[in-house]
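Trainee: What follows is work.csv, CSV, C-alpha atoms.
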```
chain,number,residue,atom,x,y,z
A,342,MET,CA,-4.1,-3.5,5.1
A,343,ILE,CA,-2.1,-5.5,2.6
A,344,GLY,CA,1.2,-3.7,2.5
A,345,GLY,CA,2.5,-1.0,4.8
A,346,GLY,CA,3.6,1.6,2.2
A,347,VAL,CA,2.1,5.0,1.7
A,348,VAL,CA,-1.4,3.8,0.8
A,349,GLY,CA,-1.6,1.2,3.5
A,350,THR,CA,-0.2,3.5,6.2
A,351,HIS,CA,-2.6,6.3,5.4
A,352,ALA,CA,-5.5,3.9,5.2
A,353,ALA,CA,-4.5,2.6,8.6
A,354,ARG,CA,-4.4,6.1,10.1
A,355,MET,CA,-8.0,6.6,9.0
A,356,ALA,CA,-9.2,3.2,10.2
A,357,VAL,CA,-7.5,3.6,13.5
A,358,GLY,CA,-9.1,7.0,13.9
A,359,LEU,CA,-12.5,5.4,13.3
A,360,GLY,CA,-11.8,2.9,16.0
A,361,ALA,CA,-11.4,-0.1,13.8
A,362,GLU,CA,-9.3,-3.1,14.6
A,363,VAL,CA,-6.4,-2.8,12.1
A,364,THR,CA,-3.8,-5.2,11.0
A,365,ILE,CA,-1.1,-4.3,8.5
A,366,LEU,CA,0.7,-7.0,6.6
A,367,ASP,CA,4.1,-6.3,5.1
A,368,ARG,CA,7.0,-8.4,4.0
A,369,SER,CA,9.6,-6.0,5.4
A,370,ILE,CA,10.5,-6.3,9.0
A,371,ARG,CA,12.1,-2.9,8.8
A,372,ARG,CA,8.9,-1.4,7.7
A,373,LEU,CA,6.9,-3.2,10.4
A,374,ARG,CA,9.3,-1.7,13.0
A,375,GLU,CA,8.7,1.8,11.6
A,376,LEU,CA,4.9,1.2,11.7
A,377,ASP,CA,5.2,0.0,15.2
A,378,GLU,CA,6.8,3.2,16.2
A,379,LEU,CA,4.2,5.2,14.3
A,380,PHE,CA,1.1,3.5,15.6
A,381,GLU,CA,2.4,2.9,19.1
A,382,GLY,CA,0.8,-0.5,19.4
A,383,ARG,CA,-2.6,0.5,18.0
A,384,VAL,CA,-2.3,-1.8,15.0
A,385,ARG,CA,-1.4,-5.4,14.7
A,386,LEU,CA,1.8,-6.0,12.8
A,387,PRO,CA,2.2,-9.7,12.3
A,388,LEU,CA,5.1,-10.7,10.0
A,389,HIS,CA,3.2,-12.2,7.2
A,390,ARG,CA,4.9,-13.2,4.0
A,391,THR,CA,2.6,-16.0,2.9
A,392,GLY,CA,-0.8,-15.8,4.6
A,393,LEU,CA,-2.8,-14.4,1.7
A,394,GLU,CA,-1.1,-16.3,-1.0
A,395,SER,CA,-1.5,-19.8,-2.2
A,396,GLU,CA,1.2,-22.3,-1.5
A,397,ASP,CA,2.3,-22.2,-5.1
A,398,ALA,CA,2.7,-18.4,-4.8
A,399,CYS,CA,4.6,-19.0,-1.6
A,400,ALA,CA,7.0,-21.3,-3.3
A,401,ARG,CA,7.8,-18.6,-5.8
A,402,LEU,CA,8.7,-16.0,-3.3
A,403,PRO,CA,12.3,-14.8,-3.6
A,404,PRO,CA,14.6,-15.8,-0.8
A,405,PRO,CA,14.6,-13.2,1.9
A,406,GLY,CA,17.3,-10.5,1.7
A,407,ARG,CA,18.2,-8.1,4.4
A,408,ASP,CA,14.6,-8.0,5.5
A,409,GLN,CA,14.6,-11.6,6.1
A,410,ILE,CA,12.1,-12.7,8.7
A,411,ALA,CA,13.6,-13.6,12.1
A,412,VAL,CA,11.9,-16.9,12.4
A,413,ASN,CA,13.8,-20.1,12.5
A,414,ILE,CA,12.8,-23.3,10.8
A,415,MET,CA,11.4,-25.7,13.3
A,416,SER,CA,9.4,-28.9,13.2
A,417,LEU,CA,5.7,-28.6,13.3
A,418,SER,CA,5.7,-31.1,16.1
A,419,ASN,CA,7.1,-28.4,18.3
A,420,LEU,CA,4.0,-26.3,17.7
A,421,ASP,CA,1.4,-29.1,18.2
A,422,ASN,CA,1.2,-29.0,21.9
A,423,THR,CA,1.6,-25.3,22.5
A,424,GLY,CA,-1.8,-24.0,21.9
A,425,PRO,CA,-2.6,-20.4,20.8
A,426,ARG,CA,-1.2,-18.6,23.8
A,427,HIS,CA,1.2,-15.8,23.7
A,428,GLU,CA,3.4,-17.4,26.3
A,429,THR,CA,4.1,-19.9,23.6
A,430,LEU,CA,5.9,-17.3,21.6
A,431,LEU,CA,7.4,-15.4,24.4
A,432,HIS,CA,8.9,-18.5,25.9
A,433,TYR,CA,10.2,-19.8,22.6
A,434,PRO,CA,13.2,-17.6,21.8
A,435,LYS,CA,14.0,-19.3,18.5
A,436,LEU,CA,10.5,-18.5,17.2
A,437,LEU,CA,11.1,-14.8,18.1
A,438,GLY,CA,14.4,-14.7,16.4
A,439,SER,CA,16.6,-14.2,19.4
A,440,GLY,CA,18.3,-17.6,18.7
A,441,PRO,CA,20.9,-18.1,16.0
A,442,SER,CA,20.4,-16.2,12.8
A,443,PRO,CA,18.1,-18.1,10.4
A,444,SER,CA,19.8,-19.8,7.5
A,445,PRO,CA,18.9,-18.6,4.0
A,446,LEU,CA,15.4,-19.8,3.2
A,447,TRP,CA,15.5,-21.1,-0.3
A,448,THR,CA,12.5,-22.6,-2.0
A,449,GLY,CA,12.0,-26.2,-0.9
A,450,GLN,CA,14.1,-25.7,2.3
A,451,ASN,CA,11.5,-23.7,4.1
A,452,LEU,CA,8.9,-26.3,4.2
A,453,TYR,CA,7.7,-25.3,7.7
A,454,ARG,CA,8.1,-21.6,7.5
A,455,ARG,CA,4.7,-20.9,6.2
A,456,HIS,CA,3.2,-23.0,9.0
A,457,VAL,CA,5.1,-20.9,11.5
A,458,CYS,CA,3.9,-17.7,9.9
A,459,SER,CA,0.3,-18.7,9.8
A,460,PHE,CA,0.6,-20.0,13.3
A,461,VAL,CA,2.1,-16.7,14.5
A,462,CYS,CA,-0.7,-14.8,12.8
A,463,LYS,CA,-3.4,-17.0,14.1
A,464,VAL,CA,-2.0,-16.6,17.6
A,465,MET,CA,-1.7,-12.9,17.3
A,466,SER,CA,-5.2,-12.6,15.9
A,467,LYS,CA,-6.7,-14.6,18.9
A,468,ALA,CA,-4.5,-12.7,21.4
A,469,SER,CA,-5.7,-9.3,20.2
A,470,HIS,CA,-9.3,-10.4,20.3
A,471,SER,CA,-8.9,-11.3,23.9
A,472,GLY,CA,-7.6,-7.8,24.5
A,473,ASN,CA,-4.0,-8.7,24.9
A,474,ALA,CA,-2.5,-5.6,23.4
A,475,ALA,CA,0.8,-6.0,25.1
A,476,PHE,CA,1.5,-9.2,23.2
A,477,THR,CA,0.7,-7.6,19.9
A,478,GLY,CA,2.9,-4.6,20.4
A,479,GLY,CA,5.7,-6.8,21.9
A,480,CYS,CA,5.7,-9.2,19.1
A,481,GLY,CA,5.6,-6.4,16.5
A,482,SER,CA,8.8,-4.9,17.9
A,483,ARG,CA,10.6,-8.2,18.7
A,484,LEU,CA,10.1,-10.1,15.5
B,209,MET,CA,1.8,30.2,-19.4
B,210,LEU,CA,-1.4,29.2,-21.2
B,211,VAL,CA,-4.4,27.8,-19.3
B,212,GLU,CA,-7.6,26.3,-20.7
B,213,THR,CA,-10.6,28.3,-19.6
B,214,ASN,CA,-12.2,27.1,-16.4
B,215,ALA,CA,-9.3,24.7,-15.9
B,216,CYS,CA,-9.1,25.7,-12.2
B,217,ALA,CA,-12.8,26.0,-11.5
B,218,GLY,CA,-12.8,22.7,-9.7
B,219,ILE,CA,-10.6,24.1,-6.9
B,220,GLY,CA,-12.4,27.4,-6.8
B,221,ALA,CA,-10.0,29.5,-8.9
B,222,THR,CA,-11.5,31.6,-11.6
B,223,ASP,CA,-10.0,32.5,-15.0
B,224,ASP,CA,-9.4,36.0,-13.5
B,225,ASN,CA,-7.4,34.4,-10.6
B,226,CYS,CA,-5.3,32.6,-13.2
B,227,ARG,CA,-4.8,35.8,-15.1
B,228,LYS,CA,-3.6,37.6,-12.0
B,229,ALA,CA,-1.1,34.9,-11.5
B,230,GLY,CA,0.3,35.6,-14.9
B,231,ALA,CA,-1.6,33.1,-17.1
B,232,THR,CA,-3.1,33.6,-20.5
B,233,ILE,CA,-6.5,32.0,-20.8
B,234,LEU,CA,-7.4,30.2,-24.0
B,235,ASP,CA,-10.8,29.0,-25.0
B,236,SER,CA,-10.0,25.3,-25.4
B,237,ALA,CA,-7.5,22.6,-24.5
B,238,ARG,CA,-6.8,22.2,-28.2
B,239,GLU,CA,-5.5,25.7,-28.5
B,240,VAL,CA,-3.2,25.1,-25.5
B,241,PHE,CA,-1.9,21.9,-27.1
B,242,ALA,CA,-1.3,23.7,-30.4
B,243,SER,CA,0.8,26.6,-28.9
B,244,SER,CA,2.7,25.1,-26.0
B,245,GLU,CA,6.2,23.5,-25.8
B,246,MET,CA,5.3,21.7,-22.6
B,247,ILE,CA,1.9,20.4,-21.5
B,248,VAL,CA,1.3,20.1,-17.8
B,249,LYS,CA,-1.7,18.0,-16.8
B,250,VAL,CA,-2.9,15.9,-13.9
B,251,LYS,CA,-4.9,13.1,-15.6
B,252,GLU,CA,-3.5,11.1,-18.6
B,253,PRO,CA,-4.3,12.5,-22.1
B,254,GLN,CA,-7.5,11.4,-23.6
B,255,PRO,CA,-7.4,9.6,-27.0
B,256,CYS,CA,-8.4,12.8,-28.8
B,257,GLU,CA,-5.4,14.5,-27.3
B,258,TRP,CA,-2.8,11.9,-28.4
B,259,THR,CA,-3.0,13.2,-32.0
B,260,GLN,CA,-2.6,16.8,-30.7
B,261,LEU,CA,0.8,16.0,-29.1
B,262,ARG,CA,3.8,16.2,-31.4
B,263,GLU,CA,7.5,15.6,-31.5
B,264,ALA,CA,9.6,18.1,-29.5
B,265,GLN,CA,6.7,18.6,-27.1
B,266,ILE,CA,7.0,17.6,-23.5
B,267,LEU,CA,4.1,16.1,-21.6
B,268,LEU,CA,4.1,16.1,-17.8
B,269,THR,CA,1.3,14.2,-16.2
B,270,TYR,CA,0.3,11.1,-14.3
B,271,LEU,CA,0.4,8.3,-16.9
B,272,HIS,CA,0.2,4.9,-15.3
B,273,LEU,CA,1.0,3.2,-18.6
B,274,ALA,CA,1.4,-0.4,-17.3
B,275,PRO,CA,-2.3,-1.3,-17.6
B,276,ASP,CA,-3.0,1.0,-20.6
B,277,ILE,CA,-1.3,-0.2,-23.7
B,278,GLU,CA,-3.4,2.0,-26.0
B,279,GLN,CA,-2.2,5.1,-24.1
B,280,ALA,CA,1.4,3.9,-24.5
B,281,LYS,CA,1.0,3.4,-28.2
B,282,GLY,CA,-0.8,6.7,-28.7
B,283,LEU,CA,2.1,8.5,-26.9
B,284,LEU,CA,4.7,6.6,-28.9
B,285,ASP,CA,3.0,7.6,-32.1
B,286,SER,CA,2.9,11.2,-31.2
B,287,GLY,CA,6.7,11.3,-30.7
B,288,CYS,CA,6.4,13.6,-27.7
B,289,THR,CA,8.6,13.3,-24.6
B,290,ALA,CA,6.3,12.1,-21.9
B,291,ILE,CA,7.3,12.2,-18.2
B,292,ALA,CA,5.1,10.4,-15.8
B,293,TYR,CA,4.8,12.1,-12.4
B,294,GLU,CA,4.5,8.7,-10.7
B,295,THR,CA,8.0,7.7,-11.8
B,296,VAL,CA,9.8,10.9,-10.7
B,297,THR,CA,12.2,10.2,-7.9
B,298,ASP,CA,13.9,12.5,-5.4
B,299,ALA,CA,17.4,12.4,-4.0
B,300,GLN,CA,16.4,9.9,-1.4
B,301,GLY,CA,14.9,7.5,-4.0
B,302,GLY,CA,11.4,8.3,-2.9
B,303,LEU,CA,8.5,9.1,-5.2
B,304,PRO,CA,7.4,12.6,-4.2
B,305,LEU,CA,4.8,13.0,-6.9
B,306,LEU,CA,3.3,9.6,-6.4
B,307,ALA,CA,3.2,9.9,-2.6
B,308,PRO,CA,0.4,12.5,-2.3
B,309,MET,CA,-1.8,10.5,-4.6
B,310,SER,CA,-1.1,7.4,-2.5
B,311,GLU,CA,-2.0,9.3,0.7
B,312,VAL,CA,-5.3,10.3,-0.8
B,313,ALA,CA,-5.9,6.8,-2.1
B,314,GLY,CA,-5.2,5.2,1.3
B,315,ARG,CA,-7.4,7.7,3.3
B,316,LEU,CA,-10.2,7.5,0.7
B,317,ALA,CA,-10.2,3.7,0.8
B,318,ILE,CA,-11.4,3.6,4.4
B,319,GLU,CA,-14.2,6.0,3.6
B,320,ALA,CA,-15.2,3.9,0.6
B,321,ALA,CA,-15.0,0.7,2.7
B,322,GLY,CA,-17.1,2.3,5.4
B,323,VAL,CA,-19.8,3.1,2.8
B,324,ALA,CA,-19.6,-0.5,1.4
B,325,LEU,CA,-20.2,-1.9,4.9
B,326,LYS,CA,-23.6,-0.1,5.1
B,327,ARG,CA,-26.7,-2.1,4.6
B,328,TYR,CA,-28.2,0.2,2.0
B,329,THR,CA,-25.2,-0.2,-0.2
B,330,GLY,CA,-25.4,-4.0,0.0
B,331,GLY,CA,-23.0,-4.4,2.9
B,332,ARG,CA,-23.4,-6.3,6.1
B,333,GLY,CA,-24.7,-3.4,8.1
B,334,LEU,CA,-21.6,-2.8,10.1
B,335,LEU,CA,-19.8,0.3,11.4
B,336,THR,CA,-16.1,0.5,10.8
B,337,GLY,CA,-15.3,1.1,14.4
B,338,GLY,CA,-18.1,-1.0,15.9
B,339,VAL,CA,-20.2,0.1,18.9
B,340,PRO,CA,-19.7,-0.6,22.6
B,341,GLY,CA,-20.9,-4.1,23.5
B,342,VAL,CA,-20.7,-5.4,20.0
B,343,GLN,CA,-17.7,-7.2,18.5
B,344,PRO,CA,-16.1,-4.9,15.9
B,345,PRO,CA,-16.1,-6.0,12.3
B,346,VAL,CA,-13.3,-8.6,11.6
B,347,SER,CA,-12.1,-8.7,8.1
B,348,TRP,CA,-9.6,-11.6,8.2
```
Using structure tokens, write down the structure that the file contains.

Mentor:
Amino acid sequence: MIGGGVVGTHAARMAVGLGAEVTILDRSIRRLRELDELFEGRVRLPLHRTGLESEDACARLPPPGRDQIAVNIMSLSNLDNTGPRHETLLHYPKLLGSGPSPSPLWTGQNLYRRHVCSFVCKVMSKASHSGNAAFTGGCGSRL
Amino acid sequence: MLVETNACAGIGATDDNCRKAGATILDSAREVFASSEMIVKVKEPQPCEWTQLREAQILLTYLHLAPDIEQAKGLLDSGCTAIAYETVTDAQGGLPLLAPMSEVAGRLAIEAAGVALKRYTGGRGLLTGGVPGVQPPVSW
């Protein structure tokens, strides 16, 4: 589901009822938290601001406001050796936002953010395919 | 309250049902447009209805004017006061008239997607929920 508003939420309810694997993308962490409560871990809720947009579109995104994502900017080299395992995220507090508050992410300064986002989504996708529901729910509520 | 004949047939309400509720049944939409101060519809007016609207008349309906410039021009030319359901907000800033449509749209989308996955409609021959022993459809 692209967007977790009224349409996306009701579509997700139907799809969940049919037994589908459901992922809801939304740019608002507050909304993702509400959806996490609503679906009780039955849908994937990766924080995903850029994954379906081109890099140009990504560069035009407005700086995050109060729904700013809780992911810190980090070097790609920190991700290179980690592999797509959920321990990577759980043991990397900065990536989960429990470190210092992220600085404002202005265009041009968030060079690595999209990599982190796509990485997170890729990891979550793989984790859920391996049946690791705890990771999915945990990440949805912690991010 | 003036109601076009058979206006409620789609939901199983007859003209008599409408009369019992206090409505006067007219033979055509044109007559309703001609003798009403406020027009209440669901779907946006058709081109032939733009010219029946007039100044001092109020139109209440779903409009979705953003992709429909002809409609916007037609309404402007009529001089009526048009209120789009989908823009009406409540005290909490929500969109109470848009929300039910969105609920329908979202739920219907999955049914439509399920049909589109079927082989006979040109799909890949998949079930929305998969079956035991088979990987479920993955869309991203």

Trainee: Any idea what's packed within 12 Å of stretch 256-271 of chain B, counting all atoms listed in the file, ignoring anything in its chain fewer than 6 positions away? Could you give it as a ChimeraX atom specification?

Mentor: /B:236-250,277-296,305-306,309

Trainee: Quick one: pull the distance between atom CA of B:Leu316 and atom CA of A:Ala361, Å, one decimal.

Mentor: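 We find that atom CA of B:Leu316 and atom CA of A:Ala361 lie 15.2 Å from each other.
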
Trainee: Within 8 Å of chain B, which residues of chain A come that close, and what is the closest atom pair and distance in Å for each? Count only C-alpha atoms and give it as a Markdown table.

Mentor:
```
| residue | atom | partner | partner_atom | distance |
| --- | --- | --- | --- | --- |
| A:Val347 | CA | B:Ser310 | CA | 5.8 |
| A:Val348 | CA | B:Gly314 | CA | 4.1 |
| A:Gly349 | CA | B:Gly314 | CA | 5.8 |
| A:Thr350 | CA | B:Gly314 | CA | 7.2 |
| A:His351 | CA | B:Gly314 | CA | 5.0 |
| A:Ala352 | CA | B:Gly314 | CA | 4.1 |
| A:Ala353 | CA | B:Gly314 | CA | 7.8 |
| A:Arg354 | CA | B:Arg315 | CA | 7.6 |
| A:Met355 | CA | B:Arg315 | CA | 5.8 |
| A:Ala356 | CA | B:Ile318 | CA | 6.2 |
| A:Leu359 | CA | B:Gly337 | CA | 5.2 |
| A:Gly360 | CA | B:Gly337 | CA | 4.2 |
| A:Ala361 | CA | B:Gly337 | CA | 4.1 |
| A:Glu362 | CA | B:Pro344 | CA | 7.2 |
```

Trainee: Enter the distance from atom CA of B:Ala229 to atom CA of B:Asn214, in Å, rounded to one decimal.

Mentor: 14.4 Å

Trainee: One decimal, in Å: what's the spacing between atom CA of A:Ser369 and atom CA of A:Arg385?

Mentor: 14.4 Å

Trainee: Taking the point (4.1, 0.1, 10.6) as given in the file, collect each protein or nucleic acid residue that comes within 9 Å of it, counting only C-alpha atoms, and present the set as a list in words.

Mentor: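 Looking at atoms near the point gives Gly345, Gly346, Thr350, Ile365, Leu366, Asp367, Arg371, Arg372, Leu373, Arg374, Glu375, Leu376, Asp377, Glu378, Leu379, Phe380, Val384, Arg385, Leu386 and Gly481 of chain A.
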
Trainee: So that I can see what lies close to B:Asp223, please list as a count of residues only the residues with an atom at most 9 Å from it, counting only C-alpha atoms and leaving out residues fewer than 6 positions away in the same chain.

Mentor: 10

Trainee: Take the structure in the block and write a file for stretch 326-337 of chain B, N, CA and C atoms, as an mmCIF file, in the first residue's frame.

Mentor:
```cif
data_model
loop_
_atom_site.group_PDB
_atom_site.id
_atom_site.type_symbol
_atom_site.label_atom_id
_atom_site.label_comp_id
_atom_site.auth_asym_id
_atom_site.auth_seq_id
_atom_site.Cartn_x
_atom_site.Cartn_y
_atom_site.Cartn_z
ATOM 1 N N LYS B 326 -5.943 -12.952 -11.629
ATOM 2 C CA LYS B 326 -6.433 -14.208 -12.210
ATOM 3 C C LYS B 326 -5.945 -14.371 -13.643
ATOM 4 N N ARG B 327 -5.693 -15.618 -14.005
ATOM 5 C CA ARG B 327 -5.178 -15.911 -15.345
ATOM 6 C C ARG B 327 -6.138 -15.422 -16.431
ATOM 7 N N TYR B 328 -7.439 -15.689 -16.215
ATOM 8 C CA TYR B 328 -8.396 -15.392 -17.288
ATOM 9 C C TYR B 328 -8.593 -13.904 -17.509
ATOM 10 N N THR B 329 -8.057 -13.073 -16.608
ATOM 11 C CA THR B 329 -8.126 -11.632 -16.844
ATOM 12 C C THR B 329 -6.776 -11.107 -17.334
ATOM 13 N N GLY B 330 -5.866 -12.025 -17.634
ATOM 14 C CA GLY B 330 -4.556 -11.600 -18.114
ATOM 15 C C GLY B 330 -3.513 -11.524 -17.016
ATOM 16 N N GLY B 331 -3.866 -11.952 -15.803
ATOM 17 C CA GLY B 331 -2.930 -11.893 -14.688
ATOM 18 C C GLY B 331 -1.989 -13.082 -14.659
ATOM 19 N N ARG B 332 -1.228 -13.189 -13.564
ATOM 20 C CA ARG B 332 -0.214 -14.234 -13.467
ATOM 21 C C ARG B 332 -0.754 -15.529 -12.869
ATOM 22 N N GLY B 333 -2.066 -15.555 -12.635
ATOM 23 C CA GLY B 333 -2.647 -16.775 -12.088
ATOM 24 C C GLY B 333 -2.320 -16.975 -10.625
ATOM 25 N N LEU B 334 -2.457 -15.919 -9.838
ATOM 26 C CA LEU B 334 -2.102 -15.979 -8.428
ATOM 27 C C LEU B 334 -3.316 -15.670 -7.554
ATOM 28 N N LEU B 335 -3.301 -16.267 -6.365
ATOM 29 C CA LEU B 335 -4.307 -15.916 -5.363
ATOM 30 C C LEU B 335 -3.733 -14.843 -4.449
ATOM 31 N N THR B 336 -4.582 -13.916 -4.046
ATOM 32 C CA THR B 336 -4.111 -12.827 -3.181
ATOM 33 C C THR B 336 -3.411 -13.372 -1.938
ATOM 34 N N GLY B 337 -3.999 -14.374 -1.338
ATOM 35 C CA GLY B 337 -3.446 -14.887 -0.093
ATOM 36 C C GLY B 337 -2.533 -16.085 -0.270
#
```
